[in-house]
Structures are given as structure tokens and as C-alpha cells.
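Pasting model-v1.txt here (compact mmCIF, C-alpha atoms):
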# COMPACT_ATOMS: atom_id res chain seq x y z
CA MET U 23 18.88 26.79 16.49
CA ASP U 24 15.96 28.64 14.99
CA HIS U 25 13.37 26.35 13.40
CA SER U 26 11.03 28.99 12.03
CA LEU U 27 12.14 28.43 8.43
CA ALA U 28 11.45 24.69 8.83
CA PHE U 29 7.85 25.44 9.85
CA LEU U 30 7.48 27.90 6.98
CA SER U 31 8.82 25.42 4.44
CA ALA U 32 6.62 22.64 5.84
CA GLY U 33 3.50 24.71 5.29
CA LEU U 34 4.57 26.06 1.91
CA GLY U 35 5.78 22.66 0.73
CA MET U 36 2.56 20.89 1.65
CA GLY U 37 0.55 23.64 -0.04
CA LEU U 38 2.54 23.38 -3.26
CA ALA U 39 2.33 19.58 -3.22
CA ALA U 40 -1.43 19.78 -2.73
CA LEU U 41 -1.65 22.26 -5.62
CA GLY U 42 0.16 19.92 -8.00
CA THR U 43 -1.86 16.93 -6.88
CA ALA U 44 -5.12 18.83 -7.24
CA ILE U 45 -4.23 19.81 -10.82
CA GLY U 46 -3.26 16.22 -11.60
CA ILE U 47 -6.37 14.62 -10.13
CA GLY U 48 -8.58 17.27 -11.73
CA MET U 49 -7.16 16.58 -15.18
CA LEU U 50 -7.43 12.83 -14.64
CA ALA U 51 -11.04 12.97 -13.52
CA SER U 52 -12.11 15.38 -16.26
CA LYS U 53 -10.60 13.21 -19.00
CA ALA U 54 -12.04 10.05 -17.44
CA LEU U 55 -15.52 11.58 -17.22
CA GLU U 56 -15.22 12.75 -20.82
CA GLY U 57 -14.33 9.22 -21.86
CA MET U 58 -17.21 7.76 -19.85
CA ALA U 59 -19.68 10.20 -21.40
CA ARG U 60 -18.51 9.30 -24.91
CA GLN U 61 -18.42 5.56 -24.28
CA PRO U 62 -20.75 4.63 -21.43
CA GLU U 63 -20.16 0.92 -22.15
CA ALA U 64 -16.47 1.32 -21.18
CA ALA U 65 -17.31 3.20 -17.97
CA GLY U 66 -16.27 0.32 -15.68
CA ASP U 67 -12.79 -0.07 -17.18
CA ILE U 68 -12.23 3.68 -17.24
CA ARG U 69 -13.26 3.99 -13.60
CA THR U 70 -10.82 1.28 -12.49
CA GLY U 71 -7.98 2.91 -14.39
CA MET U 72 -8.91 6.32 -13.05
CA ILE U 73 -8.90 5.18 -9.41
CA LEU U 74 -5.56 3.46 -9.93
CA ALA U 75 -4.01 6.56 -11.52
CA ILE U 76 -5.47 8.83 -8.83
CA ALA U 77 -3.87 6.66 -6.15
CA PHE U 78 -0.49 7.08 -7.89
CA VAL U 79 -0.87 10.86 -8.06
CA GLU U 80 -2.03 10.96 -4.46
CA ALA U 81 1.03 9.01 -3.34
CA ILE U 82 3.28 11.87 -4.51
CA ALA U 83 1.43 14.32 -2.27
CA LEU U 84 1.83 11.85 0.56
CA TYR U 85 5.60 11.70 0.04
CA ALA U 86 5.54 15.48 0.46
CA LEU U 87 3.35 15.10 3.54
CA VAL U 88 5.91 12.82 5.17
CA VAL U 89 8.72 15.28 4.47
CA CYS U 90 6.60 18.19 5.73
CA LEU U 91 5.66 16.31 8.91
CA ILE U 92 9.34 15.68 9.57
CA LEU U 93 9.99 19.40 9.09
CA ALA U 94 6.99 20.50 11.17
CA THR U 95 7.78 18.27 14.15
CA LYS U 96 11.39 19.48 14.27
CA GLY U 97 10.82 22.26 16.78
CA MET T 5 1.96 13.60 18.94
CA GLU T 6 0.36 11.32 21.50
CA ALA T 7 -2.56 10.50 19.23
CA LEU T 8 -0.08 8.83 16.89
CA GLU T 9 1.08 6.64 19.76
CA HIS T 10 -0.35 3.47 18.25
CA LEU T 11 2.04 3.88 15.32
CA TYR T 12 4.99 3.70 17.66
CA GLN T 13 6.06 0.40 19.14
CA HIS T 14 6.11 -0.33 22.82
CA SER T 15 7.34 -3.54 24.35
CA VAL T 16 4.85 -6.14 25.58
CA ILE T 17 7.13 -9.13 26.24
CA PRO T 18 10.86 -8.32 26.30
CA LEU T 19 12.82 -11.01 24.48
CA ASN T 20 16.53 -11.15 23.80
CA PHE T 21 18.33 -13.98 22.00
CA PHE T 22 22.13 -13.75 22.18
CA GLY T 23 22.15 -9.99 21.71
CA ILE T 24 19.49 -10.02 18.99
CA ASP T 25 16.50 -7.95 20.06
CA LEU T 26 13.34 -10.00 19.42
CA THR T 27 11.03 -8.06 21.71
CA ILE T 28 7.34 -8.80 21.19
CA THR T 29 5.84 -5.36 20.62
CA ASN T 30 2.22 -4.39 20.13
CA GLY T 31 2.94 -4.24 16.41
CA VAL T 32 4.05 -7.87 16.37
CA ILE T 33 0.85 -8.87 18.13
CA THR T 34 -1.21 -6.97 15.55
CA LEU T 35 0.70 -8.75 12.78
CA TRP T 36 -0.17 -12.10 14.37
CA LEU T 37 -3.81 -11.05 14.65
CA ALA T 38 -3.83 -10.05 10.99
CA VAL T 39 -2.37 -13.40 9.96
CA ILE T 40 -4.80 -15.32 12.17
CA SER T 41 -7.84 -13.37 10.99
CA ALA T 42 -6.83 -13.73 7.33
CA PHE T 43 -6.34 -17.47 7.86
CA LEU T 44 -9.66 -17.86 9.67
CA PHE T 45 -11.45 -15.84 6.98
CA PHE T 46 -10.25 -18.12 4.20
CA PHE T 47 -10.34 -21.34 6.25
CA LEU T 48 -13.79 -21.07 7.78
CA SER T 49 -15.52 -19.74 4.69
CA THR T 50 -14.26 -22.57 2.48
CA ARG T 51 -15.27 -25.45 4.80
CA ARG T 52 -18.37 -26.54 2.90
CA LEU T 53 -17.69 -25.71 -0.73
CA ASN T 54 -20.78 -25.74 -2.87
CA GLN T 55 -21.41 -25.68 -6.61
CA ARG T 56 -23.92 -22.92 -5.92
CA PRO T 57 -22.03 -20.67 -3.46
CA THR T 58 -23.89 -19.30 -0.48
CA GLY T 59 -23.00 -16.86 2.26
CA TRP T 60 -19.30 -16.51 3.03
CA GLN T 61 -18.24 -18.58 0.06
CA ASN T 62 -19.57 -15.82 -2.20
CA LEU T 63 -17.31 -13.28 -0.49
CA VAL T 64 -14.22 -15.47 -0.78
CA GLU T 65 -14.94 -16.17 -4.43
CA VAL T 66 -15.22 -12.45 -5.15
CA PHE T 67 -11.87 -11.96 -3.38
CA ILE T 68 -10.04 -14.69 -5.25
CA LEU T 69 -11.56 -13.93 -8.65
CA PHE T 70 -10.67 -10.25 -8.25
CA VAL T 71 -7.04 -11.01 -7.47
CA ARG T 72 -6.87 -13.67 -10.21
CA ASP T 73 -8.36 -11.56 -12.99
CA GLU T 74 -7.38 -7.99 -12.14
CA VAL T 75 -4.01 -8.50 -10.44
CA ALA T 76 -2.49 -11.84 -11.46
CA GLY T 77 -4.04 -11.53 -14.92
CA GLN T 78 -1.08 -9.36 -15.96
CA ILE T 79 1.22 -12.39 -15.76
CA LYS T 80 -0.10 -14.04 -18.88
CA HIS T 81 1.78 -17.36 -19.14
CA ASP T 82 1.46 -18.72 -15.58
CA ARG T 83 -1.18 -16.70 -13.86
CA ASP T 84 -2.39 -19.53 -11.64
CA LYS T 85 1.13 -20.33 -10.44
CA TRP T 86 1.54 -16.80 -9.05
CA LEU T 87 -1.97 -16.51 -7.62
CA PRO T 88 -1.16 -17.97 -4.14
CA PHE T 89 1.72 -15.54 -3.60
CA LEU T 90 -0.22 -12.50 -4.76
CA LEU T 91 -3.34 -13.50 -2.85
CA SER T 92 -1.32 -13.93 0.37
CA ILE T 93 0.27 -10.50 -0.01
CA PHE T 94 -3.09 -8.93 -0.84
CA SER T 95 -5.00 -10.44 2.08
CA PHE T 96 -2.15 -9.84 4.54
CA ILE T 97 -1.86 -6.13 3.64
CA LEU T 98 -5.63 -5.74 3.58
CA PHE T 99 -6.09 -7.25 7.02
CA CYS T 100 -3.18 -5.21 8.42
CA ASN T 101 -4.67 -2.03 6.96
CA LEU T 102 -8.13 -2.77 8.35
CA LEU T 103 -6.81 -3.81 11.79
CA GLY T 104 -4.88 -0.53 11.90
CA LEU T 105 -8.20 1.31 11.87
CA VAL T 106 -9.47 -0.49 14.97
CA PRO T 107 -8.88 1.60 18.10
CA ASP T 108 -6.04 0.36 20.35
CA MET T 109 -4.54 -1.71 17.55
CA SER T 110 -1.10 -0.89 16.24
CA GLY T 111 -1.21 0.49 12.71
CA VAL T 112 1.42 -1.89 11.39
CA THR T 113 1.28 -0.78 7.74
CA GLY T 114 1.70 2.80 8.97
CA ASN T 115 5.18 1.76 10.10
CA ILE T 116 7.98 1.91 7.54
CA ASN T 117 9.59 -1.30 8.87
CA THR T 118 6.62 -3.49 7.93
CA THR T 119 6.22 -2.04 4.45
CA ALA T 120 9.97 -2.15 3.82
CA ALA T 121 10.03 -5.84 4.77
CA LEU T 122 7.13 -6.55 2.40
CA ALA T 123 8.81 -4.60 -0.41
CA ILE T 124 12.10 -6.47 0.11
CA VAL T 125 10.22 -9.79 -0.10
CA VAL T 126 8.66 -8.68 -3.39
CA PHE T 127 12.05 -7.44 -4.70
CA VAL T 128 13.77 -10.76 -3.95
CA VAL T 129 10.89 -12.74 -5.45
CA VAL T 130 10.97 -10.62 -8.63
CA GLN T 131 14.72 -11.05 -9.09
CA ILE T 132 14.64 -14.80 -8.45
CA ALA T 133 11.58 -15.29 -10.66
CA GLY T 134 13.33 -13.50 -13.53
CA MET T 135 16.51 -15.55 -13.08
CA VAL T 136 14.63 -18.86 -12.89
CA LYS T 137 12.54 -18.06 -15.95
CA GLN T 138 15.24 -16.64 -18.26
CA GLY T 139 18.45 -17.93 -16.69
CA VAL T 140 20.80 -15.64 -14.78
CA GLY T 141 22.58 -14.29 -17.88
CA GLY T 142 19.39 -13.90 -19.86
CA TYR T 143 17.68 -12.03 -17.04
CA LEU T 144 20.63 -9.67 -16.47
CA LYS T 145 20.70 -9.01 -20.22
CA SER T 146 16.96 -8.34 -20.32
CA ILE T 147 17.21 -5.60 -17.66
CA VAL T 148 19.00 -3.33 -20.13
CA PRO T 149 17.10 -2.79 -23.40
CA GLY T 150 18.81 -4.48 -26.32
CA GLY T 151 19.63 -3.18 -29.80
CA LEU T 152 21.28 0.05 -28.67
CA PRO T 153 24.74 1.38 -29.61
CA LEU T 154 27.47 0.46 -27.11
CA PRO T 155 27.97 3.92 -25.50
CA ILE T 156 24.25 4.26 -24.83
CA THR T 157 24.11 0.73 -23.41
CA LEU T 158 26.96 1.56 -21.02
CA PHE T 159 25.08 4.71 -20.07
CA MET T 160 21.82 2.77 -19.54
CA ILE T 161 23.27 0.11 -17.20
CA PRO T 162 23.50 2.31 -14.06
CA ILE T 163 20.14 3.90 -14.83
CA GLU T 164 18.44 0.50 -15.10
CA ILE T 165 20.12 -0.72 -11.88
CA VAL T 166 18.85 2.35 -10.04
CA GLY T 167 15.45 1.74 -11.63
CA GLN T 168 15.39 -1.81 -10.25
CA LEU T 169 16.33 -0.59 -6.76
CA ALA T 170 13.80 2.26 -6.85
CA LYS T 171 10.90 -0.18 -7.29
CA PRO T 172 10.88 -1.67 -3.76
CA PHE T 173 11.63 1.78 -2.34
CA SER T 174 8.56 3.34 -3.96
CA LEU T 175 6.43 0.30 -3.02
CA ALA T 176 7.38 0.59 0.64
CA LEU T 177 7.04 4.35 0.80
CA ARG T 178 3.68 4.47 -1.00
CA LEU T 179 1.98 2.02 1.36
CA PHE T 180 3.61 3.55 4.45
CA ALA T 181 2.79 7.15 3.50
CA ASN T 182 -0.82 6.37 2.64
CA MET T 183 -1.56 4.55 5.87
CA PHE T 184 0.43 7.03 8.00
CA ALA T 185 -1.21 10.04 6.36
CA GLY T 186 -4.68 8.80 7.26
CA HIS T 187 -3.77 8.67 10.95
CA ALA T 188 -1.97 12.01 10.74
CA VAL T 189 -4.99 13.72 9.15
CA MET T 190 -7.27 12.32 11.88
CA LEU T 191 -4.85 13.64 14.51
CA MET T 192 -4.83 17.08 12.92
CA ILE T 193 -8.64 17.20 12.87
CA PHE T 194 -8.75 16.19 16.54
CA ALA T 195 -6.15 18.85 17.28
CA LEU T 196 -8.77 21.48 16.37
CA ILE T 197 -10.40 20.82 19.76
CA PHE T 198 -7.20 21.81 21.56
CA VAL T 199 -6.49 24.72 19.22
CA PHE T 200 -9.90 26.35 19.70
CA LYS T 201 -10.36 25.34 23.39
CA SER T 202 -14.14 25.39 22.98
CA TYR T 203 -17.00 22.85 23.06
CA PHE T 204 -18.72 24.45 20.09
CA ILE T 205 -16.06 23.19 17.68
CA LEU T 206 -16.86 19.56 18.65
CA PRO T 207 -19.26 18.65 15.79
CA LEU T 208 -16.60 19.50 13.20
CA PRO T 209 -13.92 17.03 14.38
CA VAL T 210 -16.52 14.31 14.99
CA ILE T 211 -18.15 14.58 11.57
CA GLY T 212 -14.81 15.16 9.89
CA ASN T 213 -13.23 12.11 11.47
CA VAL T 214 -16.17 9.87 10.59
CA ALA T 215 -15.76 11.01 6.98
CA VAL T 216 -11.98 10.49 7.06
CA LEU T 217 -12.42 7.05 8.64
CA ALA T 218 -14.85 6.02 5.89
CA PHE T 219 -12.33 7.20 3.32
CA GLU T 220 -9.59 5.28 5.17
CA ILE T 221 -11.52 2.01 4.76
CA PHE T 222 -11.62 2.72 1.02
CA VAL T 223 -7.89 3.56 1.04
CA ALA T 224 -7.12 0.31 2.89
CA PHE T 225 -8.60 -1.67 -0.02
CA ILE T 226 -7.07 0.55 -2.72
CA GLN T 227 -3.56 0.42 -1.26
CA ALA T 228 -3.64 -3.36 -0.79
CA PHE T 229 -4.76 -3.60 -4.43
CA ILE T 230 -2.06 -1.23 -5.69
CA PHE T 231 0.74 -2.97 -3.81
CA THR T 232 -0.24 -6.36 -5.25
CA TYR T 233 -0.95 -4.90 -8.69
CA LEU T 234 2.53 -3.37 -8.91
CA SER T 235 4.14 -6.57 -7.56
CA ALA T 236 2.36 -8.54 -10.29
CA MET T 237 3.48 -5.98 -12.87
CA TYR T 238 7.13 -6.27 -11.77
CA ILE T 239 6.91 -10.07 -11.83
CA ALA T 240 5.38 -9.95 -15.31
CA THR T 241 8.12 -7.67 -16.71
CA ALA T 242 10.87 -9.75 -15.04
CA THR T 243 9.59 -13.11 -16.31
CA GLU T 244 8.46 -12.08 -19.78
CA GLY T 245 11.76 -10.45 -20.68
CA GLY T 246 12.53 -7.33 -22.68
CA HIS T 247 10.82 -3.98 -22.36
Go through the file and emit its structure as C-alpha cells.
Amino acid sequence: MDHSLAFLSAGLGMGLAALGTAIGIGMLASKALEGMARQPEAAGDIRTGMILAIAFVEAIALYALVVCLILATKG
Amino acid sequence: MEALEHLYQHSVIPLNFFGIDLTITNGVITLWLAVISAFLFFFLSTRRLNQRPTGWQNLVEVFILFVRDEVAGQIKHDRDKWLPFLLSIFSFILFCNLLGLVPDMSGVTGNINTTAALAIVVFVVVQIAGMVKQGVGGYLKSIVPGGLPLPITLFMIPIEIVGQLAKPFSLALRLFANMFAGHAVMLMIFALIFVFKSYFILPLPVIGNVAVLAFEIFVAFIQAFIFTYLSAMYIATATEGGH
């Protein structure tokens, strides 16, 4: 059985997942920084929420990583 | 994939009870070590409690206050009743995560079996807590949002059941994937040495892995926090009723 398509999809899939996660974390951080700049007294709360949300977004990329590792170690 | 060897289990003491495989693997030993170190941390640092905390007592107080206010604080009515459970889960996951970073230790939270067991414990606790608090009928009724027309309610029942079952699944997979990914990234950076077959590439993997390891310590805390935070959130929604 030829596994070349599995390798290709592993690389492409991880790249696409990283793209989506990067957009998500970028938007999160930009909005959080905006909020911190407007209300420096709420910076602590915003930072906690931001880190929590970033961890959720990151987890989706890691689901993709697990799938891609399964694909990439098939050969 | 030999660098990921510590994520796989190998037998230390073979044990077999009436056909049930209870082999003591390196992962089991790491779990014991995590339990013992968590116990010693809390036991030894609370021996001489003082009105004005000094030394280790400060650290433990930070720990407990953080879990009480940030995590258990979501369960408004009986926060202090749930604190022991949430604090045990938090410290157990944290010590497992940190022990996984020590060389030659088994990365137990990077193994889906450990995280699945933890998630099942949380799932059972959430269901029982909801049933004890609202009664079995009241809890089952509160899973599906009330005040909807009958066809939509019938349509919502399977969706809400799947939603309940998806919670432990996502809990287990999130913790597992985060801890596994850290080890996998370190392996990939080390693999550069074998890909390039040159000594001049050495500084890159070394510096890169130190950076990844520092980030992994941060991730160990964040993931322990997130697991407990979500558990507390599920308990709060199950016991407070309604959406």
C-alpha cells in the first residue's frame, strides 16, 4: 500500500491547523491588548482570560497534531 | 520514535490476578511518585501552621487560595465543599505533568489512558453531584433546556446527551494532546541532528529544546488549571440547574 498521500495530508493538515490557530491566537491577543491599553486597571483579569482562551484555541491545533502524527507514522 | 519511549509503558513487575493484567509498569511507578510527592508537599509544608506564614506555608497558601478563588469560585453555593476534590485533581495533574518533564520518568499525562481515567472520574462525579443536588428527575430535566415547543425538545434530547458525553472526551483529549505534543516537538527538534548529520547544527536543538522545556513547565501549570477549571464549570452547571 502506498502511504505517500498520508504523508502529504499530514503535512498539509498540520499546516492548515497551524494557520487557523495562528489567526485565532492573533485575534485574541490583539483584542486583549486593546482592552488592556484602554483599561490598564483590568489588565490582570484580561490576561487570565486571554491565557485561558489561548489554551482552548491551542488545544484544537493539538488535536490536529495527534491526527497528523498518526498519519505521518503510518509508513 | 525511540525518543518517545518514555511515553510507552514497559513492564517492571509482572502481575496477574485471575486473568486480570495488573502489571506494574513504569507509568504506574510514576503515578505513585506523583501521589507521594503531592502528599509530602502538602503534608510537610503544613506541619507548623503560623498566623504569619513563612517559607513553605506561603507556597501552599498561594496554591490553595488560587484553586479556591479562581477554580472552585465558580461553584457559588458550596465552594468549600468542592475544594478538596478540585484541589486533589489539580495537584495530582500538576505533579504528574511536572514529573513527566524529568528525564527517565514516564510522562503519564501524555498517555491517553491516564487522562481518560481522570475524565471518567470527573464525568461520574458531575452526574452524581447533579442527581444528588436536584434529584434524579430534576437533574435529567435540567439537561434539556425548558420552555421549548415539544418537537424542538425531542430534537434537543439527543444533542444534549451527546453534549454531556463530549465533555469528558474533550477533557481527556485536551490534556493528553497538550502533554504529548510537548514531547513530540522536543523529539522533532532533536531529530534535526540526525537529519543534517552535522555537528554544526547542535546549538539549534540545544537552545530550542531549552526554550521548549521552559514553555512545557508553563504548559504543565496551565493544563492542570484548565482541567480543574472545566471540571468546576461542569459541576457548577450540573448542580445549579438550567442553562
Pull the closest atom pair for each residue of chain T that gets at most 7 Å from chain U, along with the distance in Å to one decimal, counting all atoms listed in the file, ordering rows by chain and then ascending residue number, as a tab-separated table.
residue	atom	partner	partner_atom	distance
T:Arg178	CA	U:Ala81	CA	5.8
T:Ala181	CA	U:Leu84	CA	5.6
T:Asn182	CA	U:Leu84	CA	6.4
T:Ala185	CA	U:Leu84	CA	6.8
Show me, as lines of an AutoDock Vina configuration file, the centre and edge lengths in Å to one decimal of the axis-aligned box that covers every listed atom of region 223-229 of chain T with 4 Å on each side.
center_x = -6.1
center_y = 0.0
center_z = -0.8
size_x = 13.0
size_y = 15.2
size_z = 15.3
Write out as a list of chain:residue names the residues lying within 9 Å of Thr113 (chain T), counting only C-alpha atoms and excluding same-chain residues fewer than 2 positions away.
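Residues meeting the cut-off are T:Leu11, T:Ile97, T:Cys100, T:Asn101, T:Gly104, T:Ser110, T:Gly111, T:Asn115, T:Ile116, T:Asn117, T:Thr118, T:Thr119, T:Leu179, T:Phe180, T:Met183, T:Phe184.
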Taking 2 positions as the minimum chain separation for residues in the same chain, which residues sit within 12 Å of region 158-162 of chain T when counting all atoms listed in the file? Answer as a ChimeraX atom specification.
/T:144-150,152-156,164-169
Residues near Arg69 (chain U), cut-off 12 Å, all atoms listed in the file, skip fewer than 3 positions along chain, as a ChimeraX atom specification:
/U:50-59,61-66,72-76
What gap, in Å, lies between CA of Leu53 (chain T) and CA of Glu65 (chain T)?
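Answer for the CA of Leu53 (chain T) to CA of Glu65 (chain T) separation: 10.6 Å.
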Would you pick out the contacts of region 24-33 of chain T at 6 Å or less, using all atoms listed in the file, so that residues sharing its chain but fewer than 3 positions from it are not included, and give the list as a PyMOL selection string?
chain T and resi 13-21+36+110+112
Interatomic distance (Å, one decimal) between CA of Asp84 (chain T) and CA of Phe43 (chain T):
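Separation of CA of Asp84 (chain T) and CA of Phe43 (chain T): 20.0 Å.
Interatomic distance, CA of Ala38 (chain T) against CA of Leu103 (chain T): 7.0 Å.
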Please write as a short mmCIF file (atom, residue, chain, number, x, y, z; two decimals) with C-alpha atoms, in the frame of the given file the list of polymer residues whose atoms come within 7 Å of (-5.9, -10.2, 10.1), counting only C-alpha atoms and keeping to the coordinates of the file.
data_model
loop_
_atom_site.label_atom_id
_atom_site.label_comp_id
_atom_site.auth_asym_id
_atom_site.auth_seq_id
_atom_site.Cartn_x
_atom_site.Cartn_y
_atom_site.Cartn_z
CA LEU T 37 -3.81 -11.05 14.65
CA ALA T 38 -3.83 -10.05 10.99
CA VAL T 39 -2.37 -13.40 9.96
CA ILE T 40 -4.80 -15.32 12.17
CA SER T 41 -7.84 -13.37 10.99
CA ALA T 42 -6.83 -13.73 7.33
CA PHE T 96 -2.15 -9.84 4.54
CA PHE T 99 -6.09 -7.25 7.02
CA CYS T 100 -3.18 -5.21 8.42
CA LEU T 103 -6.81 -3.81 11.79
#
Select all residues near (-3.6, 13.5, 10.2) (cut-off 10 Å, inclusive, file coordinates), counting all atoms listed in the file, and output them as a list in words.
Leu87 and Leu91 of chain U; Ala7, Leu8, Phe184, Ala185, Gly186, His187, Ala188, Val189, Met190, Leu191, Met192, Ile193, Phe194, Ala195, Asn213 and Val216 of chain T
Would you export the selected residues with C-alpha atoms as a PDB file, keeping the file's coordinate frame, please?
ATOM      1  CA  LEU U  87       3.350  15.100   3.540  1.00  0.00           C
ATOM      2  CA  LEU U  91       5.660  16.310   8.910  1.00  0.00           C
TER       3      LEU U  91
ATOM      4  CA  ALA T   7      -2.560  10.500  19.230  1.00  0.00           C
ATOM      5  CA  LEU T   8      -0.080   8.830  16.890  1.00  0.00           C
ATOM      6  CA  PHE T 184       0.430   7.030   8.000  1.00  0.00           C
ATOM      7  CA  ALA T 185      -1.210  10.040   6.360  1.00  0.00           C
ATOM      8  CA  GLY T 186      -4.680   8.800   7.260  1.00  0.00           C
ATOM      9  CA  HIS T 187      -3.770   8.670  10.950  1.00  0.00           C
ATOM     10  CA  ALA T 188      -1.970  12.010  10.740  1.00  0.00           C
ATOM     11  CA  VAL T 189      -4.990  13.720   9.150  1.00  0.00           C
ATOM     12  CA  MET T 190      -7.270  12.320  11.880  1.00  0.00           C
ATOM     13  CA  LEU T 191      -4.850  13.640  14.510  1.00  0.00           C
ATOM     14  CA  MET T 192      -4.830  17.080  12.920  1.00  0.00           C
ATOM     15  CA  ILE T 193      -8.640  17.200  12.870  1.00  0.00           C
ATOM     16  CA  PHE T 194      -8.750  16.190  16.540  1.00  0.00           C
ATOM     17  CA  ALA T 195      -6.150  18.850  17.280  1.00  0.00           C
ATOM     18  CA  ASN T 213     -13.230  12.110  11.470  1.00  0.00           C
ATOM     19  CA  VAL T 216     -11.980  10.490   7.060  1.00  0.00           C
TER      20      VAL T 216
END
Among the residues T:Phe45, T:Val140, T:Leu105, T:Val199, the one that comes closest to Phe219 (chain T) [using all atoms listed in the file]
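Of the candidates, the smallest distance to Phe219 (chain T) is held by T:Leu105.
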Of the candidates T:Thr241, T:Leu90, T:Phe22, T:Gly77, which shows the shortest atom-to-atom distance to Gln138 (chain T), using all atoms listed in the file?
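Nearest candidate to Gln138 (chain T) out of T:Thr241, T:Leu90, T:Phe22, T:Gly77: T:Thr241.
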Nearest residue to Ala242 (chain T) from the set T:Met109, T:Val130, T:Ile211, T:Val66 (distances using all atoms listed in the file)
T:Val130
Which residues, written as a list in words, have at least one atom at most 9 Å from Val79 (chain U), with only C-alpha atoms counted and residues fewer than 6 positions away on the same chain left out?
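The filter keeps Thr43, Gly46 and Ile47 of chain U.
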Got a minute to add N, CA and C atoms to region 159-184 of chain T and dump it as a JSON list (two decimals), keeping the file's coordinate frame?
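Output (out.json):
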[["chain", "number", "residue", "atom", "x", "y", "z"],
["T", 159, "PHE", "N", 25.74, 3.62, -20.80],
["T", 159, "PHE", "CA", 25.08, 4.71, -20.07],
["T", 159, "PHE", "C", 23.80, 4.21, -19.40],
["T", 160, "MET", "N", 23.11, 3.24, -20.05],
["T", 160, "MET", "CA", 21.82, 2.77, -19.54],
["T", 160, "MET", "C", 21.98, 1.83, -18.35],
["T", 161, "ILE", "N", 23.14, 1.14, -18.24],
["T", 161, "ILE", "CA", 23.27, 0.11, -17.20],
["T", 161, "ILE", "C", 23.06, 0.69, -15.80],
["T", 162, "PRO", "N", 23.76, 1.78, -15.41],
["T", 162, "PRO", "CA", 23.50, 2.31, -14.06],
["T", 162, "PRO", "C", 22.08, 2.80, -13.88],
["T", 163, "ILE", "N", 21.50, 3.38, -14.95],
["T", 163, "ILE", "CA", 20.14, 3.90, -14.83],
["T", 163, "ILE", "C", 19.16, 2.76, -14.56],
["T", 164, "GLU", "N", 19.36, 1.63, -15.28],
["T", 164, "GLU", "CA", 18.44, 0.50, -15.10],
["T", 164, "GLU", "C", 18.63, -0.14, -13.73],
["T", 165, "ILE", "N", 19.89, -0.15, -13.22],
["T", 165, "ILE", "CA", 20.12, -0.72, -11.88],
["T", 165, "ILE", "C", 19.42, 0.14, -10.84],
["T", 166, "VAL", "N", 19.55, 1.47, -10.98],
["T", 166, "VAL", "CA", 18.85, 2.35, -10.04],
["T", 166, "VAL", "C", 17.35, 2.16, -10.17],
["T", 167, "GLY", "N", 16.88, 1.96, -11.42],
["T", 167, "GLY", "CA", 15.45, 1.74, -11.63],
["T", 167, "GLY", "C", 14.96, 0.49, -10.91],
["T", 168, "GLN", "N", 15.77, -0.58, -10.96],
["T", 168, "GLN", "CA", 15.39, -1.81, -10.25],
["T", 168, "GLN", "C", 15.33, -1.57, -8.74],
["T", 169, "LEU", "N", 16.29, -0.81, -8.21],
["T", 169, "LEU", "CA", 16.33, -0.59, -6.76],
["T", 169, "LEU", "C", 15.26, 0.39, -6.32],
["T", 170, "ALA", "N", 14.82, 1.27, -7.24],
["T", 170, "ALA", "CA", 13.80, 2.26, -6.85],
["T", 170, "ALA", "C", 12.44, 1.62, -6.69],
["T", 171, "LYS", "N", 12.22, 0.45, -7.36],
["T", 171, "LYS", "CA", 10.90, -0.18, -7.29],
["T", 171, "LYS", "C", 10.49, -0.55, -5.87],
["T", 172, "PRO", "N", 11.31, -1.34, -5.12],
["T", 172, "PRO", "CA", 10.88, -1.67, -3.76],
["T", 172, "PRO", "C", 10.79, -0.44, -2.87],
["T", 173, "PHE", "N", 11.66, 0.55, -3.13],
["T", 173, "PHE", "CA", 11.63, 1.78, -2.34],
["T", 173, "PHE", "C", 10.29, 2.48, -2.48],
["T", 174, "SER", "N", 9.83, 2.64, -3.74],
["T", 174, "SER", "CA", 8.56, 3.34, -3.96],
["T", 174, "SER", "C", 7.40, 2.50, -3.44],
["T", 175, "LEU", "N", 7.49, 1.16, -3.57],
["T", 175, "LEU", "CA", 6.43, 0.30, -3.02],
["T", 175, "LEU", "C", 6.28, 0.51, -1.53],
["T", 176, "ALA", "N", 7.41, 0.46, -0.81],
["T", 176, "ALA", "CA", 7.38, 0.59, 0.64],
["T", 176, "ALA", "C", 6.87, 1.96, 1.04],
["T", 177, "LEU", "N", 7.39, 3.00, 0.38],
["T", 177, "LEU", "CA", 7.04, 4.35, 0.80],
["T", 177, "LEU", "C", 5.58, 4.69, 0.49],
["T", 178, "ARG", "N", 5.06, 4.15, -0.63],
["T", 178, "ARG", "CA", 3.68, 4.47, -1.00],
["T", 178, "ARG", "C", 2.71, 3.92, 0.03],
["T", 179, "LEU", "N", 2.89, 2.63, 0.38],
["T", 179, "LEU", "CA", 1.98, 2.02, 1.36],
["T", 179, "LEU", "C", 2.12, 2.70, 2.72],
["T", 180, "PHE", "N", 3.38, 2.91, 3.15],
["T", 180, "PHE", "CA", 3.61, 3.55, 4.45],
["T", 180, "PHE", "C", 2.99, 4.94, 4.50],
["T", 181, "ALA", "N", 3.26, 5.76, 3.47],
["T", 181, "ALA", "CA", 2.79, 7.15, 3.50],
["T", 181, "ALA", "C", 1.28, 7.22, 3.48],
["T", 182, "ASN", "N", 0.64, 6.34, 2.70],
["T", 182, "ASN", "CA", -0.82, 6.37, 2.64],
["T", 182, "ASN", "C", -1.44, 6.02, 3.98],
["T", 183, "MET", "N", -0.94, 4.96, 4.62],
["T", 183, "MET", "CA", -1.56, 4.55, 5.87],
["T", 183, "MET", "C", -1.21, 5.53, 7.00],
["T", 184, "PHE", "N", 0.03, 6.07, 6.97],
["T", 184, "PHE", "CA", 0.43, 7.03, 8.00],
["T", 184, "PHE", "C", -0.35, 8.33, 7.85]]
